[in-house]
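Below is one structure; the comments refer to it alone.
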2 protein chains.
Amino acid sequence: MKPPEARRRLSPDLREQEIVREAVKFFAEFGFEGQTRELAKRLGITQPLLYRYFPTKDALVERVYQEVFLRRWNPFWEELLQDRSKPLGERLTAFYRDYSQVILTYEWVRLFMFSGLKGLDFNTRYLDLLRQRVFDLIINELRLAHSRKPPDEAPITTMEIEAVWGLHAAIFYLGVRKFIYNMPVENINSIVDLELRIFLDGVPGTLAGR
Amino acid sequence: MKPPEARRRLSPDLREQEIVREAVKFFAEFGFEGQTRELAKRLGITQPLLYRYFPTKDALVERVYQEVFLRRWNPFWEELLQDRSKPLGERLTAFYRDYSQVILTYEWVRLFMFSGLKGLDFNTRYLDLLRQRVFDLIINELRLAHSRKPPDEAPITTMEIEAVWGLHAAIFYLGVRKFIYNMPVENINSIVDLELRIFLDGVPGTLAGR
DNA sequence: CGATCAGTTTATCAATCGATAAATAGAGGA
DNA sequence: TCCTCTATTTATCGATTGATAAACTGATCG
């Protein structure tokens with residue numbers, strides 16, 4: 001029925017964009033063991049053509065990383081978290097609502113987990129970034145909001161970091177449930193709000209070192 | 001150097017045990033695409049011997065599931081959570097300390113994630129169990145501890161479930177960080193205690209429907 | 001309108017993987 | 001000690017997969 005898909009001749013730029021876009025979806029679905037022939041089929045091209053644009057499969061995978069993880073980081077988040085003209089609760093809500101909208105996607109969550117399971121160092125590098133650019137800021141602002149010594153006077157404790165990890169995990173795990181376990185997860189914004197209320201109500205005890 | 005590993009003739013029962021034990025570790029490391037030849041090499045046997053004990057690779061994978069997930073559930077947990085002779089905080093601490101010791105292992109966490117990413121229905125089934133045998137109990141006990149209507153008078157809300165999911169995620173994610181992202185995570189018991197303090201201090205607002 | 005360049009396909013290789021059949025060898029019993 | 005049973009290995013098949021080389025074809029320019 002379907003016509004045998006006439007040969008489409010595209011400019012290299014466009015073709016490369018199409019390949020990367022489809023590869024992101026494809027590897028997010030099947031993991032990095034997904035076969036190049038199947039990817040080519042989805043693109044409506046033949047498998048050897050992929051090798052005209054990427055020397056090896058690994059090079060294509062590498063490109064997918066960059067596309068999904070590096071290009072989606074928003075530097076504005078760091079400013080947002082430190083904008084003391086608003087109460088901290090409001091800032092955290094604004095940040096995690098936006099962050100979850102970017103991160104809690106099929107591609108991001110699954111590729112991140114696939115990458116971790118395969119032992120690539122990308123996760124570590126991303127999480128180091130997260131720690132420095134987000135966790136440390138949050139802890140700093142929390143101390144300020146509760147009139148405690150800033151980190152340069154009293155070093156950040158393991159338990160403070162773990163407290164923030166708990167909040168972060170509760171939110172990120174929504175994506176794991178939705179996109180990896182295939183569970184229905186709706187109204188993410190209101191769940192984010194819930195987790196933030198629990199965190200902000202519960203965390204003073206930790207800051208007090210109780 | 002190493003002698004070519006003399007042929008060891010084992011009873012079928014013992015050999016099967018060895019295969020299953022090693023397969024658990026092996027698939028947890030490489031996922032279900034791990035190759036039967038490599039698994040056989042680790043066992044010090046040849047690859048066709050695997051097929052004397054399991055008709056297909058899938059059958060072996062299925063067996064691994066049962067071994068790791070089904071056989072590690074402890075029915076005592078359900079009693080523990082409902083033992084009203086102790087305060088709820090104590091019960092939750094005892095439960096999550098024990099649960100995390102069973103679940104937060106290299107094999108459990110990784111196999112669960114591999115299984116989810118591959119789209120097997122096992123995760124859904126396990127999580128249904130968890131919801132019924134743990135989450136509902138916790139919510140019931142929380143309401144009791146805060147003098148609220150029991151679930152058979154006022155149905156469990158989405159947000160109550162999500163609150164418990166948040167706690168659970170914070171704890172399970174310790175395993176994800178340790179065994180999937182390969183991060184150092186130490187003193188799990190004290191982190192569990194921390195998450196429970198935050199949860200218990202923070203959750204009354206949610207119960208009040210605030 | 002024909003030549004040329006490059007985007008795309010066809011054909012195919014070499015390695016890998018799950019699986020099967022036949023040959024081998026270790027252990028217990030008569 | 002030898003025989004028999006079966007646990008284990010050797011040899012190999014067929015399908016799959018990443019990758020390469022050569023042939024094909026569509027678009028642009030003179």
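Following the order of the structure tokens, first chain is A, next is B, and so on, with residues numbered from 1 inside each chain and ligands from 1 in the order they appear.
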
>> Show me, as an MDAnalysis selection string, the residues that have an atom within 9 Å of Gly166 in chain A when counting only C-alpha atoms (C1' of nucleotides), minus same-chain residues fewer than 2 positions from it.
In response: (chainID A and resid 161:164 168:171 199) or (chainID B and resid 166:167 169:171 173:174 195)

>> Show me, as a count of residues only, the residues that have an atom within 10 Å of DA27 in chain C when counting only C-alpha atoms (C1' of nucleotides), minus same-chain residues fewer than 5 positions from it.
In response: 4

Kindly provide the residues of chain B that approach chain A to within 9 Å, each paired with its closest atom pair and their distance in Å to one decimal, based on only C-alpha atoms, listed by chain and increasing number, as a Markdown table.
| residue | atom | partner | partner_atom | distance |
| --- | --- | --- | --- | --- |
| B:Glu29 | CA | A:Leu117 | CA | 8.0 |
| B:Phe30 | CA | A:Lys118 | CA | 7.5 |
| B:Gly31 | CA | A:Leu117 | CA | 8.2 |
| B:Glu33 | CA | A:Glu33 | CA | 8.3 |
| B:Arg110 | CA | A:Leu117 | CA | 7.4 |
| B:Met113 | CA | A:Ile180 | CA | 7.7 |
| B:Phe114 | CA | A:Leu117 | CA | 8.0 |
| B:Ser115 | CA | A:Tyr181 | CA | 8.7 |
| B:Gly116 | CA | A:Tyr181 | CA | 5.1 |
| B:Leu117 | CA | A:Ile180 | CA | 5.4 |
| B:Lys118 | CA | A:Phe30 | CA | 7.5 |
| B:Gly119 | CA | A:Tyr181 | CA | 7.5 |
| B:Leu120 | CA | A:Tyr181 | CA | 8.8 |
| B:Asp121 | CA | A:Tyr181 | CA | 8.4 |
| B:Asn123 | CA | A:Tyr181 | CA | 6.2 |
| B:Thr124 | CA | A:Tyr181 | CA | 6.5 |
| B:Leu127 | CA | A:Tyr181 | CA | 8.9 |
| B:Met159 | CA | A:Ile191 | CA | 7.3 |
| B:Glu162 | CA | A:Ile191 | CA | 6.9 |
| B:Ala163 | CA | A:Glu195 | CA | 7.0 |
| B:Trp165 | CA | A:Ala170 | CA | 7.3 |
| B:Gly166 | CA | A:Ala170 | CA | 4.4 |
| B:Leu167 | CA | A:Ala170 | CA | 7.0 |
| B:His168 | CA | A:Ala170 | CA | 7.9 |
| B:Ala169 | CA | A:Ala170 | CA | 5.1 |
| B:Ala170 | CA | A:Gly166 | CA | 4.4 |
| B:Ile171 | CA | A:Gly166 | CA | 7.5 |
| B:Phe172 | CA | A:Ala169 | CA | 8.6 |
| B:Tyr173 | CA | A:Ala169 | CA | 6.0 |
| B:Leu174 | CA | A:Ala169 | CA | 8.6 |
| B:Phe179 | CA | A:Leu117 | CA | 8.4 |
| B:Ile180 | CA | A:Gly116 | CA | 5.3 |
| B:Tyr181 | CA | A:Gly116 | CA | 5.1 |
| B:Asn182 | CA | A:Thr124 | CA | 7.7 |
| B:Met183 | CA | A:Thr124 | CA | 7.4 |
| B:Ser190 | CA | A:Met159 | CA | 8.8 |
| B:Ile191 | CA | A:Glu162 | CA | 6.9 |
| B:Leu194 | CA | A:Ala163 | CA | 7.3 |
| B:Glu195 | CA | A:Gly166 | CA | 6.8 |
| B:Arg197 | CA | A:Gly202 | CA | 7.0 |
| B:Ile198 | CA | A:Gly202 | CA | 4.1 |
| B:Phe199 | CA | A:Gly202 | CA | 6.3 |
| B:Leu200 | CA | A:Gly202 | CA | 7.2 |
| B:Asp201 | CA | A:Gly202 | CA | 4.6 |
| B:Gly202 | CA | A:Ile198 | CA | 4.1 |
| B:Val203 | CA | A:Ile198 | CA | 5.6 |
| B:Pro204 | CA | A:Ile198 | CA | 8.5 |
| B:Gly205 | CA | A:Ile198 | CA | 7.6 |
| B:Thr206 | CA | A:Leu194 | CA | 7.5 |

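For the pair CA of Val109 in chain A and CA of Gly175 in chain A, the interatomic distance is 6.3 Å.
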
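With the cut-off set to 12 Å and only C-alpha atoms (C1' of nucleotides) counted, chain A residues close to chain C are Ala6, Arg7, Arg8, Arg9, Leu10, Ser11, Pro12, Asp13, Leu14, Arg15, Gly44, Ile45, Thr46, Gln47, Pro48, Leu49, Leu50, Tyr51, Arg52 and Tyr53 of chain A.
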
>> According to DSSP computed on the backbone, where in range 4-196 of chain A is there helix (DSSP H, G or I)? Give the residues as a PyMOL selection string.
In response: chain A and resi 12-30+36-43+47-53+57-68+70-72+76-81+88-103+106-118+122-145+158-180+188-196

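Proximity of D:DC13, D:DC3, D:DA19, D:DC29 to chain A, computed with only C-alpha atoms (C1' of nucleotides), is greatest for D:DA19.
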